[in-house]
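K.L.:
Take this structure first; my questions come after.
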Amino acid sequence: MEDVLQIGGVDLRRLARAVGTPLLVYDEEALRKRMDQYAAAFRHPQLETQTVYAGKAFLCGAMVRLVDEAGWWLDVVSGGELACALRSGMPPRRILFHGNNKTPAELAAALDAGVGAVVVDNLPECRRLASLARQLCKPAAALLRVNPGVEAHTHQYIVTAHLDSKFGISMARREELYAALAELGASDYLTFLGFHAHIGSQITDPAAFAAEIQQLAILSQEAEQRGYQVPVWDLGGGFAARYTQEDNPPPVEEICRAILDACAGQKAERSLSLKRVLIEPGRSVVGEAGTTVYTVGWLKSTPAREYLFVDGGMADNIRPALYQAQYRCTPVERPTAPPARTYTVAGKCCESGDILIQEAPLPAMKTGELLAVHTTGAYCYSMASNYNGLGRPPVVFARGGKARLVLRREEPEDLLRLECEEGISL
Ligand code: LLP
């Protein structure tokens with residue numbers, strides 16, 4: 001008799017019976033440990049440091065509370081994420097507000113809440129933020145997002161720092177950059193803190209961050225020669241998670257040390273006024289801690305492959321279809337059974353591309369068995385859709401043999417809650 005797969009000491013078969021499938025379960029201790037590991041590693045004798053969790057990877061009230069307890073800051077990118085953070089008790093001063101096209105309402109909400117900093121993306125946004133701050137009499141600190149043009153090795157959809165990326169002001173557009181600094185400098189309500197950059201996702205090579213840091217250092221030196229102080233650098237996220245055996249992210253300690261040594265090196269070499277460095281990991285905090293449990297439905301053979309259908313799919317994990325992301329899976333009730341077949345794990349959505357795993361080596365599987373797909377903690381729930389009228393799965397945090405439901409299953413009634421029949425007065 002084999003052991004059943006467990007997460008956080010919780011038997012996944014019993015959990016699946018209790019809350020149904022598909023379900024997304026997080027190992028809460030792994031989340032806490034990962035945050036503590038980063039916080040301990042991201043320290044330097046000559047620099048102040050701060051870790052900021054990128055909420056876009058996965059956000060809900062329970063996650064906000066873990067982030068807060070771990071002493072991290074939180075990065076939000078919309079009024080929706082900001083509302084979640086505030087409602088869940090995140091101190092506004094420890095929130096960064098990001099986004100390339102924040103609406104005036106979102107900027108006003110950020111000012112109103114008194115967030116720690118607004119990460120300003122472009123020149124028109126600088127102007128709008130300055131005028132809103134004056135109008136509302138709300139001061140704010142601002143980081144200016146720049147695009148250093150560093151292309152980290154990654155899938156092209158995920159790169160955000162190509163020179164033609166939609167994020168930040170390109171470092172090739174110095175005039176615009178200095179116009180933005182002048183705009184921030186001229187405002188009585190805004191304080192320019194420093195530069196922000198984000199060079200991509202699933203980065204495994206510290207040299208990519210060193211290249212980013214060098215670009216920020218060149219820019220900061222130039223800005224300081226023009227009379228602007230640049231005490232803060234926010235280097236963004238992009239730290240890799242281990243999805244399959246082929247992924248080999250360097251240890252957190254190694255990458256943090258490389259980053260901070262490069263920052264301190266540039267500070268010394270160029271006599272910069274840099275005081276504080278921030279990083280914004282998302283995926284590497286939550287990715288590996290999450291597992292999706294599905295029930296196996298029908299099995300079907302074609303001349304080319306053996307399909308194994310599960311009761312979810314691209315609605316709860318769009319990443320394989322969108323980025324050709326790779327995942328691995330385990331049969332929950334016999335996790336160590338040797339593989340006997342190669343299955344194509346496909347979802348239940350009306351879309352041929354709804355394939356979660358192209359080639360999954362598994363024992364011969366039966367309808368009704370449970371299948372765990374690993375490393376689904378980042379950008380699965382947050383990118384989930386209701387395609388085909390599917391509800392989002394429940395989310396469970398498991399720790400020390402106990403499970404707690406932190407997001408309940410989205411039921412058909414939830415999907416219908418927006419229905420209405422109202423006249424519109426124009
Ligand atoms: N900071 C900024 C400004 C970002 O744009 C991002 C991610 C992060 C931090 C966090 O990056 P991470 O450490 O999680 O790589 N949907 C894609 C990922 C898009 C990431 C966008 N920005 C995916 O599923 O892979």
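Letters A, B, ... go to the chains of the structure tokens in the order shown; residues in each chain start at 1; ligands are counted from 1 in the same order.
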Could the residues of region 154-267 of chain A that have an atom at most 8 Å from region 116-131 of chain A be listed as JSON lines, each with its closest atom pair and the distance in Å to one decimal, counting only C-alpha atoms and ordered by chain and ascending residue number?
P.N.:
```
{"residue": "A:Phe167", "atom": "CA", "partner": "A:Asp121", "partner_atom": "CA", "distance": 6.6}
{"residue": "A:Gly168", "atom": "CA", "partner": "A:Asp121", "partner_atom": "CA", "distance": 4.6}
{"residue": "A:Ile169", "atom": "CA", "partner": "A:Asn122", "partner_atom": "CA", "distance": 5.8}
{"residue": "A:Glu176", "atom": "CA", "partner": "A:Leu123", "partner_atom": "CA", "distance": 6.9}
{"residue": "A:Leu177", "atom": "CA", "partner": "A:Leu123", "partner_atom": "CA", "distance": 7.7}
{"residue": "A:Ala179", "atom": "CA", "partner": "A:Leu123", "partner_atom": "CA", "distance": 7.2}
{"residue": "A:Ala180", "atom": "CA", "partner": "A:Leu123", "partner_atom": "CA", "distance": 5.2}
{"residue": "A:Glu183", "atom": "CA", "partner": "A:Cys126", "partner_atom": "CA", "distance": 6.6}
{"residue": "A:Leu184", "atom": "CA", "partner": "A:Cys126", "partner_atom": "CA", "distance": 6.6}
{"residue": "A:Ser187", "atom": "CA", "partner": "A:Ala130", "partner_atom": "CA", "distance": 6.0}
{"residue": "A:Tyr189", "atom": "CA", "partner": "A:Ala130", "partner_atom": "CA", "distance": 7.0}
{"residue": "A:Leu190", "atom": "CA", "partner": "A:Ala130", "partner_atom": "CA", "distance": 6.6}
{"residue": "A:His196", "atom": "CA", "partner": "A:Val119", "partner_atom": "CA", "distance": 7.3}
```
K.L.:
Go through the chains and note each residue within 6 Å of ligand 1, using only C-alpha atoms and all ligand atoms, then give the set as a PyMOL selection string.
P.N.:
chain A and resi 54+57+158+198+201-202+236-239+280-284+319+379
K.L.:
So which residues touch Arg65 (chain A) within 12 Å, counting only C-alpha atoms, skipping near sequence neighbours fewer than 6 positions away, as a PyMOL selection string?
P.N.:
chain A and resi 28+31-32+53+55+59+71-74+84-91+406
K.L.:
Would you mind telling me which residue in A:Val296, A:Ile424, A:Ala258, A:Ile318 lies nearest to Leu371 (chain A) when using only C-alpha atoms?
P.N.:
A:Val296
K.L.:
Using only C-alpha atoms, determine which residues lie at most 9 Å from region 286-288 of chain A, disregarding the query and same-chain residues fewer than 6 positions distant; provide the list as a ChimeraX atom specification.
P.N.:
/A:26-27,30-31,34,57-58,241-243,374-379
K.L.:
Given the choices A:Glu419, A:Glu359, A:Asp316, A:Asp261, which gets closest to Cys329 (chain A) if the distance is worked out from only C-alpha atoms?
P.N.:
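Distance minimum relative to Cys329 (chain A) lands on A:Glu359.
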K.L.:
Would you please work out which residue, of A:Leu362, A:Gly297, A:Pro335, A:Thr21, is nearest to Gly347 (chain A) when using only C-alpha atoms?
P.N.:
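Between A:Leu362, A:Gly297, A:Pro335, A:Thr21, the residue approaching Gly347 (chain A) most closely is A:Gly297.
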K.L.:
Suppose you want the space between CA of Ile259 (chain A) and CA of Gln245 (chain A); what is it in Å?
P.N.:
25.2 Å
K.L.:
I need the helix (DSSP H, G or I) residues of region 147-280 of chain A per DSSP on the backbone, written as a PyMOL selection string.
P.N.:
chain A and resi 174-186+206-225+252-270
K.L.:
Got a sec: who's within 7 Å of Ala152 (chain A), counting only C-alpha atoms, leaving out chain neighbours fewer than 3 positions off, as a PDB file with all heavy atoms, in the first residue's frame?
P.N.:
```pdb
ATOM      1  N   ILE A 199      13.463  43.336 -15.835  1.00  0.00           N
ATOM      2  CA  ILE A 199      14.050  42.915 -17.114  1.00  0.00           C
ATOM      3  C   ILE A 199      13.497  41.605 -17.664  1.00  0.00           C
ATOM      4  O   ILE A 199      13.959  41.139 -18.695  1.00  0.00           O
ATOM      5  CB  ILE A 199      15.592  42.829 -17.024  1.00  0.00           C
ATOM      6  CG1 ILE A 199      16.024  41.898 -15.876  1.00  0.00           C
ATOM      7  CG2 ILE A 199      16.191  44.211 -16.877  1.00  0.00           C
ATOM      8  CD1 ILE A 199      17.491  41.521 -15.923  1.00  0.00           C
ATOM      9  N   GLY A 200      12.524  41.007 -17.016  1.00  0.00           N
ATOM     10  CA  GLY A 200      11.954  39.788 -17.599  1.00  0.00           C
ATOM     11  C   GLY A 200      11.608  38.766 -16.545  1.00  0.00           C
ATOM     12  O   GLY A 200      11.604  39.077 -15.353  1.00  0.00           O
ATOM     13  N   ILE A 203      14.369  34.269 -14.869  1.00  0.00           N
ATOM     14  CA  ILE A 203      15.788  34.560 -15.103  1.00  0.00           C
ATOM     15  C   ILE A 203      16.621  33.661 -14.198  1.00  0.00           C
ATOM     16  O   ILE A 203      16.394  33.601 -12.988  1.00  0.00           O
ATOM     17  CB  ILE A 203      16.101  36.041 -14.784  1.00  0.00           C
ATOM     18  CG1 ILE A 203      15.264  36.959 -15.674  1.00  0.00           C
ATOM     19  CG2 ILE A 203      17.589  36.332 -14.939  1.00  0.00           C
ATOM     20  CD1 ILE A 203      15.268  38.407 -15.250  1.00  0.00           C
ATOM     21  N   ALA A 208      22.328  38.734 -15.927  1.00  0.00           N
ATOM     22  CA  ALA A 208      21.257  39.578 -16.476  1.00  0.00           C
ATOM     23  C   ALA A 208      20.972  40.728 -15.516  1.00  0.00           C
ATOM     24  O   ALA A 208      20.805  41.881 -15.926  1.00  0.00           O
ATOM     25  CB  ALA A 208      19.995  38.752 -16.705  1.00  0.00           C
TER      26      ALA A 208
END
```
K.L.:
Among region 53-262 of chain A, which ones does DSSP assign to strand (DSSP E or B) (computed from the backbone)? Answer as an mmCIF file with all heavy atoms, in the first residue's frame.
P.N.:
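Final output, saved to states-v4.cif:
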```cif
data_model
loop_
_atom_site.group_PDB
_atom_site.id
_atom_site.type_symbol
_atom_site.label_atom_id
_atom_site.label_comp_id
_atom_site.auth_asym_id
_atom_site.auth_seq_id
_atom_site.Cartn_x
_atom_site.Cartn_y
_atom_site.Cartn_z
ATOM 1 N N TYR A 53 6.780 41.704 -2.561
ATOM 2 C CA TYR A 53 6.129 40.589 -3.262
ATOM 3 C C TYR A 53 5.285 41.117 -4.427
ATOM 4 O O TYR A 53 4.463 42.028 -4.236
ATOM 5 C CB TYR A 53 5.251 39.791 -2.290
ATOM 6 C CG TYR A 53 4.387 38.766 -2.986
ATOM 7 C CD1 TYR A 53 4.964 37.725 -3.707
ATOM 8 C CD2 TYR A 53 2.996 38.857 -2.959
ATOM 9 C CE1 TYR A 53 4.182 36.798 -4.370
ATOM 10 C CE2 TYR A 53 2.201 37.930 -3.622
ATOM 11 C CZ TYR A 53 2.808 36.905 -4.328
ATOM 12 O OH TYR A 53 2.028 35.996 -4.995
ATOM 13 N N ALA A 54 5.491 40.552 -5.607
ATOM 14 C CA ALA A 54 4.728 40.958 -6.787
ATOM 15 C C ALA A 54 3.380 40.236 -6.764
ATOM 16 O O ALA A 54 3.266 39.071 -7.152
ATOM 17 C CB ALA A 54 5.497 40.622 -8.064
ATOM 18 N N TRP A 73 7.123 44.084 1.592
ATOM 19 C CA TRP A 73 6.217 45.043 0.981
ATOM 20 C C TRP A 73 5.433 44.302 -0.103
ATOM 21 O O TRP A 73 5.744 43.149 -0.417
ATOM 22 C CB TRP A 73 6.990 46.210 0.370
ATOM 23 C CG TRP A 73 7.577 47.149 1.377
ATOM 24 C CD1 TRP A 73 7.923 46.873 2.678
ATOM 25 C CD2 TRP A 73 7.897 48.518 1.150
ATOM 26 N NE1 TRP A 73 8.440 47.998 3.266
ATOM 27 C CE2 TRP A 73 8.443 49.024 2.362
ATOM 28 C CE3 TRP A 73 7.786 49.377 0.057
ATOM 29 C CZ2 TRP A 73 8.873 50.347 2.487
ATOM 30 C CZ3 TRP A 73 8.217 50.693 0.182
ATOM 31 C CH2 TRP A 73 8.744 51.168 1.399
ATOM 32 N N LEU A 74 4.443 44.997 -0.650
ATOM 33 C CA LEU A 74 3.592 44.370 -1.672
ATOM 34 C C LEU A 74 3.502 45.263 -2.894
ATOM 35 O O LEU A 74 3.303 46.476 -2.766
ATOM 36 C CB LEU A 74 2.196 44.147 -1.079
ATOM 37 C CG LEU A 74 1.147 43.556 -2.006
ATOM 38 C CD1 LEU A 74 1.501 42.116 -2.382
ATOM 39 C CD2 LEU A 74 -0.232 43.580 -1.341
ATOM 40 N N ASP A 75 3.652 44.647 -4.070
ATOM 41 C CA ASP A 75 3.495 45.402 -5.316
ATOM 42 C C ASP A 75 2.129 45.075 -5.908
ATOM 43 O O ASP A 75 1.773 43.911 -6.052
ATOM 44 C CB ASP A 75 4.710 45.095 -6.211
ATOM 45 C CG ASP A 75 4.452 44.712 -7.658
ATOM 46 O OD1 ASP A 75 3.354 44.956 -8.184
ATOM 47 O OD2 ASP A 75 5.385 44.159 -8.274
ATOM 48 N N VAL A 76 1.339 46.121 -6.158
ATOM 49 C CA VAL A 76 0.022 45.934 -6.787
ATOM 50 C C VAL A 76 0.007 46.679 -8.115
ATOM 51 O O VAL A 76 0.754 47.637 -8.304
ATOM 52 C CB VAL A 76 -1.147 46.431 -5.889
ATOM 53 C CG1 VAL A 76 -1.161 45.697 -4.555
ATOM 54 C CG2 VAL A 76 -1.093 47.945 -5.669
ATOM 55 N N ILE A 95 3.042 49.431 0.379
ATOM 56 C CA ILE A 95 2.506 49.025 -0.928
ATOM 57 C C ILE A 95 3.157 49.875 -2.022
ATOM 58 O O ILE A 95 3.279 51.093 -1.878
ATOM 59 C CB ILE A 95 0.971 49.221 -0.973
ATOM 60 C CG1 ILE A 95 0.287 48.317 0.065
ATOM 61 C CG2 ILE A 95 0.430 48.971 -2.370
ATOM 62 C CD1 ILE A 95 -1.220 48.513 0.174
ATOM 63 N N LEU A 96 3.571 49.227 -3.101
ATOM 64 C CA LEU A 96 4.032 49.943 -4.292
ATOM 65 C C LEU A 96 2.957 49.795 -5.353
ATOM 66 O O LEU A 96 2.461 48.691 -5.567
ATOM 67 C CB LEU A 96 5.327 49.342 -4.844
ATOM 68 C CG LEU A 96 6.592 49.404 -3.989
ATOM 69 C CD1 LEU A 96 7.782 48.879 -4.793
ATOM 70 C CD2 LEU A 96 6.867 50.833 -3.542
ATOM 71 N N PHE A 97 2.642 50.901 -6.027
ATOM 72 C CA PHE A 97 1.606 50.827 -7.071
ATOM 73 C C PHE A 97 2.257 50.924 -8.450
ATOM 74 O O PHE A 97 2.867 51.917 -8.795
ATOM 75 C CB PHE A 97 0.587 51.967 -6.879
ATOM 76 C CG PHE A 97 -0.719 51.681 -7.557
ATOM 77 C CD1 PHE A 97 -1.842 51.335 -6.823
ATOM 78 C CD2 PHE A 97 -0.834 51.727 -8.940
ATOM 79 C CE1 PHE A 97 -3.043 51.044 -7.450
ATOM 80 C CE2 PHE A 97 -2.033 51.440 -9.573
ATOM 81 C CZ PHE A 97 -3.142 51.101 -8.824
ATOM 82 N N ALA A 117 4.930 54.096 -2.470
ATOM 83 C CA ALA A 117 5.418 54.776 -3.672
ATOM 84 C C ALA A 117 4.556 54.384 -4.856
ATOM 85 O O ALA A 117 4.038 53.265 -4.923
ATOM 86 C CB ALA A 117 6.871 54.417 -3.960
ATOM 87 N N VAL A 118 4.433 55.343 -5.771
ATOM 88 C CA VAL A 118 3.824 55.049 -7.063
ATOM 89 C C VAL A 118 4.984 54.855 -8.033
ATOM 90 O O VAL A 118 5.905 55.671 -8.068
ATOM 91 C CB VAL A 118 2.931 56.229 -7.538
ATOM 92 C CG1 VAL A 118 2.359 55.947 -8.918
ATOM 93 C CG2 VAL A 118 1.816 56.489 -6.526
ATOM 94 N N VAL A 119 4.948 53.760 -8.772
ATOM 95 C CA VAL A 119 5.990 53.544 -9.778
ATOM 96 C C VAL A 119 5.475 54.146 -11.077
ATOM 97 O O VAL A 119 4.598 53.584 -11.729
ATOM 98 C CB VAL A 119 6.311 52.041 -9.939
ATOM 99 C CG1 VAL A 119 7.433 51.846 -10.953
ATOM 100 C CG2 VAL A 119 6.700 51.437 -8.599
ATOM 101 N N VAL A 120 6.018 55.308 -11.408
ATOM 102 C CA VAL A 120 5.500 56.067 -12.552
ATOM 103 C C VAL A 120 6.108 55.515 -13.830
ATOM 104 O O VAL A 120 7.311 55.276 -13.909
ATOM 105 C CB VAL A 120 5.829 57.562 -12.388
ATOM 106 C CG1 VAL A 120 5.204 58.355 -13.513
ATOM 107 C CG2 VAL A 120 5.348 58.074 -11.049
ATOM 108 N N ALA A 140 3.078 62.124 -2.319
ATOM 109 C CA ALA A 140 3.432 60.732 -2.636
ATOM 110 C C ALA A 140 4.885 60.661 -3.061
ATOM 111 O O ALA A 140 5.441 61.629 -3.590
ATOM 112 C CB ALA A 140 2.539 60.205 -3.759
ATOM 113 N N ALA A 141 5.462 59.508 -2.787
ATOM 114 C CA ALA A 141 6.813 59.249 -3.289
ATOM 115 C C ALA A 141 6.677 58.551 -4.634
ATOM 116 O O ALA A 141 5.709 57.826 -4.862
ATOM 117 C CB ALA A 141 7.561 58.363 -2.310
ATOM 118 N N ALA A 142 7.643 58.798 -5.521
ATOM 119 C CA ALA A 142 7.566 58.193 -6.855
ATOM 120 C C ALA A 142 8.887 57.556 -7.243
ATOM 121 O O ALA A 142 9.963 58.105 -6.994
ATOM 122 C CB ALA A 142 7.196 59.259 -7.882
ATOM 123 N N LEU A 143 8.751 56.357 -7.817
ATOM 124 C CA LEU A 143 9.887 55.727 -8.481
ATOM 125 C C LEU A 143 9.609 55.869 -9.967
ATOM 126 O O LEU A 143 8.450 55.750 -10.390
ATOM 127 C CB LEU A 143 9.965 54.239 -8.125
ATOM 128 C CG LEU A 143 10.467 53.884 -6.724
ATOM 129 C CD1 LEU A 143 10.061 52.457 -6.364
ATOM 130 C CD2 LEU A 143 11.994 54.025 -6.676
ATOM 131 N N LEU A 144 10.626 56.110 -10.754
ATOM 132 C CA LEU A 144 10.415 56.242 -12.197
ATOM 133 C C LEU A 144 10.848 54.946 -12.878
ATOM 134 O O LEU A 144 12.000 54.521 -12.740
ATOM 135 C CB LEU A 144 11.228 57.428 -12.737
ATOM 136 C CG LEU A 144 11.025 57.734 -14.224
ATOM 137 C CD1 LEU A 144 9.579 58.121 -14.520
ATOM 138 C CD2 LEU A 144 11.980 58.832 -14.670
ATOM 139 N N ARG A 145 9.900 54.324 -13.595
ATOM 140 C CA ARG A 145 10.255 53.076 -14.276
ATOM 141 C C ARG A 145 11.001 53.395 -15.567
ATOM 142 O O ARG A 145 10.517 54.160 -16.401
ATOM 143 C CB ARG A 145 9.009 52.246 -14.593
ATOM 144 C CG ARG A 145 9.392 50.966 -15.323
ATOM 145 C CD ARG A 145 8.414 49.861 -15.129
ATOM 146 N NE ARG A 145 8.858 48.672 -15.829
ATOM 147 C CZ ARG A 145 8.212 47.528 -15.839
ATOM 148 N NH1 ARG A 145 7.087 47.417 -15.167
ATOM 149 N NH2 ARG A 145 8.683 46.488 -16.500
ATOM 150 N N VAL A 146 12.172 52.813 -15.702
ATOM 151 C CA VAL A 146 12.938 52.987 -16.935
ATOM 152 C C VAL A 146 13.111 51.626 -17.589
ATOM 153 O O VAL A 146 13.033 50.589 -16.930
ATOM 154 C CB VAL A 146 14.323 53.631 -16.668
ATOM 155 C CG1 VAL A 146 14.158 55.008 -16.045
ATOM 156 C CG2 VAL A 146 15.210 52.758 -15.798
ATOM 157 N N ASN A 147 13.334 51.680 -18.871
ATOM 158 C CA ASN A 147 13.585 50.441 -19.596
ATOM 159 C C ASN A 147 15.051 50.406 -19.984
ATOM 160 O O ASN A 147 15.474 51.129 -20.880
ATOM 161 C CB ASN A 147 12.679 50.408 -20.830
ATOM 162 C CG ASN A 147 12.904 49.154 -21.630
ATOM 163 O OD1 ASN A 147 13.885 48.433 -21.409
ATOM 164 N ND2 ASN A 147 12.025 48.894 -22.561
ATOM 165 N N ILE A 169 10.156 54.243 -19.353
ATOM 166 C CA ILE A 169 10.713 55.143 -20.368
ATOM 167 C C ILE A 169 12.039 54.544 -20.813
ATOM 168 O O ILE A 169 12.887 54.205 -19.984
ATOM 169 C CB ILE A 169 10.933 56.565 -19.796
ATOM 170 C CG1 ILE A 169 9.604 57.133 -19.282
ATOM 171 C CG2 ILE A 169 11.540 57.472 -20.865
ATOM 172 C CD1 ILE A 169 9.697 58.538 -18.717
ATOM 173 N N SER A 170 12.183 54.388 -22.111
ATOM 174 C CA SER A 170 13.382 53.767 -22.645
ATOM 175 C C SER A 170 14.611 54.616 -22.289
ATOM 176 O O SER A 170 14.587 55.836 -22.383
ATOM 177 C CB SER A 170 13.245 53.654 -24.163
ATOM 178 O OG SER A 170 14.501 53.399 -24.713
ATOM 179 N N LEU A 190 5.168 65.660 -4.883
ATOM 180 C CA LEU A 190 5.825 64.396 -5.221
ATOM 181 C C LEU A 190 7.303 64.423 -4.855
ATOM 182 O O LEU A 190 7.969 65.444 -4.991
ATOM 183 C CB LEU A 190 5.681 64.109 -6.729
ATOM 184 C CG LEU A 190 4.241 64.031 -7.256
ATOM 185 C CD1 LEU A 190 4.238 63.720 -8.744
ATOM 186 C CD2 LEU A 190 3.423 62.990 -6.488
ATOM 187 N N THR A 191 7.776 63.281 -4.381
ATOM 188 C CA THR A 191 9.202 63.148 -4.072
ATOM 189 C C THR A 191 9.769 62.040 -4.953
ATOM 190 O O THR A 191 9.286 60.904 -4.904
ATOM 191 C CB THR A 191 9.405 62.710 -2.600
ATOM 192 O OG1 THR A 191 8.610 63.582 -1.789
ATOM 193 C CG2 THR A 191 10.857 62.783 -2.184
ATOM 194 N N PHE A 192 10.772 62.383 -5.727
ATOM 195 C CA PHE A 192 11.424 61.377 -6.562
ATOM 196 C C PHE A 192 12.363 60.539 -5.690
ATOM 197 O O PHE A 192 13.252 61.071 -5.039
ATOM 198 C CB PHE A 192 12.203 62.065 -7.693
ATOM 199 C CG PHE A 192 13.109 61.131 -8.441
ATOM 200 C CD1 PHE A 192 12.588 60.108 -9.227
ATOM 201 C CD2 PHE A 192 14.500 61.263 -8.357
ATOM 202 C CE1 PHE A 192 13.426 59.230 -9.914
ATOM 203 C CE2 PHE A 192 15.341 60.384 -9.041
ATOM 204 C CZ PHE A 192 14.806 59.376 -9.819
ATOM 205 N N LEU A 193 12.102 59.217 -5.674
ATOM 206 C CA LEU A 193 12.922 58.331 -4.839
ATOM 207 C C LEU A 193 14.060 57.682 -5.610
ATOM 208 O O LEU A 193 15.119 57.418 -5.059
ATOM 209 C CB LEU A 193 12.068 57.183 -4.287
ATOM 210 C CG LEU A 193 11.075 57.445 -3.163
ATOM 211 C CD1 LEU A 193 10.482 56.121 -2.715
ATOM 212 C CD2 LEU A 193 11.767 58.117 -1.995
ATOM 213 N N GLY A 194 13.774 57.342 -6.884
ATOM 214 C CA GLY A 194 14.798 56.651 -7.646
ATOM 215 C C GLY A 194 14.206 55.914 -8.832
ATOM 216 O O GLY A 194 13.065 56.160 -9.222
ATOM 217 N N PHE A 195 15.002 54.993 -9.367
ATOM 218 C CA PHE A 195 14.599 54.313 -10.603
ATOM 219 C C PHE A 195 14.108 52.883 -10.335
ATOM 220 O O PHE A 195 14.594 52.203 -9.426
ATOM 221 C CB PHE A 195 15.773 54.253 -11.583
ATOM 222 C CG PHE A 195 16.189 55.602 -12.078
ATOM 223 C CD1 PHE A 195 17.471 56.085 -11.837
ATOM 224 C CD2 PHE A 195 15.294 56.408 -12.776
ATOM 225 C CE1 PHE A 195 17.851 57.339 -12.286
ATOM 226 C CE2 PHE A 195 15.662 57.657 -13.231
ATOM 227 C CZ PHE A 195 16.951 58.126 -12.979
ATOM 228 N N HIS A 196 13.178 52.473 -11.184
ATOM 229 C CA HIS A 196 12.681 51.107 -11.177
ATOM 230 C C HIS A 196 12.923 50.492 -12.547
ATOM 231 O O HIS A 196 12.793 51.174 -13.569
ATOM 232 C CB HIS A 196 11.171 51.093 -10.897
ATOM 233 C CG HIS A 196 10.566 49.726 -11.017
ATOM 234 N ND1 HIS A 196 10.311 49.129 -12.235
ATOM 235 C CD2 HIS A 196 10.199 48.830 -10.082
ATOM 236 C CE1 HIS A 196 9.813 47.921 -12.024
ATOM 237 N NE2 HIS A 196 9.728 47.730 -10.727
ATOM 238 N N ILE A 203 14.369 34.269 -14.869
ATOM 239 C CA ILE A 203 15.788 34.560 -15.103
ATOM 240 C C ILE A 203 16.621 33.661 -14.198
ATOM 241 O O ILE A 203 16.394 33.601 -12.988
ATOM 242 C CB ILE A 203 16.101 36.041 -14.784
ATOM 243 C CG1 ILE A 203 15.264 36.959 -15.674
ATOM 244 C CG2 ILE A 203 17.589 36.332 -14.939
ATOM 245 C CD1 ILE A 203 15.268 38.407 -15.250
ATOM 246 N N VAL A 232 17.232 55.378 -4.317
ATOM 247 C CA VAL A 232 16.609 54.037 -4.362
ATOM 248 C C VAL A 232 16.690 53.427 -5.766
ATOM 249 O O VAL A 232 16.470 54.119 -6.759
ATOM 250 C CB VAL A 232 15.114 54.126 -3.940
ATOM 251 C CG1 VAL A 232 14.448 52.758 -4.004
ATOM 252 C CG2 VAL A 232 14.961 54.714 -2.545
ATOM 253 N N TRP A 233 16.989 52.144 -5.792
ATOM 254 C CA TRP A 233 16.807 51.355 -7.010
ATOM 255 C C TRP A 233 15.851 50.222 -6.692
ATOM 256 O O TRP A 233 16.030 49.501 -5.695
ATOM 257 C CB TRP A 233 18.112 50.686 -7.474
ATOM 258 C CG TRP A 233 19.110 51.607 -8.080
ATOM 259 C CD1 TRP A 233 18.929 52.903 -8.477
ATOM 260 C CD2 TRP A 233 20.487 51.291 -8.347
ATOM 261 N NE1 TRP A 233 20.107 53.412 -8.970
ATOM 262 C CE2 TRP A 233 21.065 52.439 -8.910
ATOM 263 C CE3 TRP A 233 21.266 50.156 -8.168
ATOM 264 C CZ2 TRP A 233 22.408 52.481 -9.287
ATOM 265 C CZ3 TRP A 233 22.591 50.194 -8.545
ATOM 266 C CH2 TRP A 233 23.158 51.342 -9.109
ATOM 267 N N ASP A 234 14.859 50.049 -7.543
ATOM 268 C CA ASP A 234 13.987 48.875 -7.466
ATOM 269 C C ASP A 234 14.273 48.062 -8.719
ATOM 270 O O ASP A 234 14.025 48.515 -9.842
ATOM 271 C CB ASP A 234 12.519 49.324 -7.402
ATOM 272 C CG ASP A 234 11.564 48.152 -7.285
ATOM 273 O OD1 ASP A 234 11.945 47.034 -7.677
ATOM 274 O OD2 ASP A 234 10.432 48.362 -6.824
ATOM 275 N N PHE A 239 12.799 36.345 -10.849
ATOM 276 C CA PHE A 239 13.569 35.214 -10.330
ATOM 277 C C PHE A 239 12.877 33.900 -10.688
ATOM 278 O O PHE A 239 11.666 33.767 -10.533
ATOM 279 C CB PHE A 239 13.740 35.365 -8.816
ATOM 280 C CG PHE A 239 14.312 36.708 -8.450
ATOM 281 C CD1 PHE A 239 13.478 37.795 -8.227
ATOM 282 C CD2 PHE A 239 15.679 36.891 -8.396
ATOM 283 C CE1 PHE A 239 14.006 39.047 -7.934
ATOM 284 C CE2 PHE A 239 16.215 38.143 -8.108
ATOM 285 C CZ PHE A 239 15.373 39.224 -7.876
#
```
K.L.:
Can you tell me, as a list in words, what residues are no more than 9 Å from Asp205 (chain A) when counting only C-alpha atoms, ignoring any on the same chain fewer than 4 positions away?
P.N.:
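In the requested format, the answer is Ala152, His153, Phe209, Pro249, Pro250 and Ile255 of chain A.
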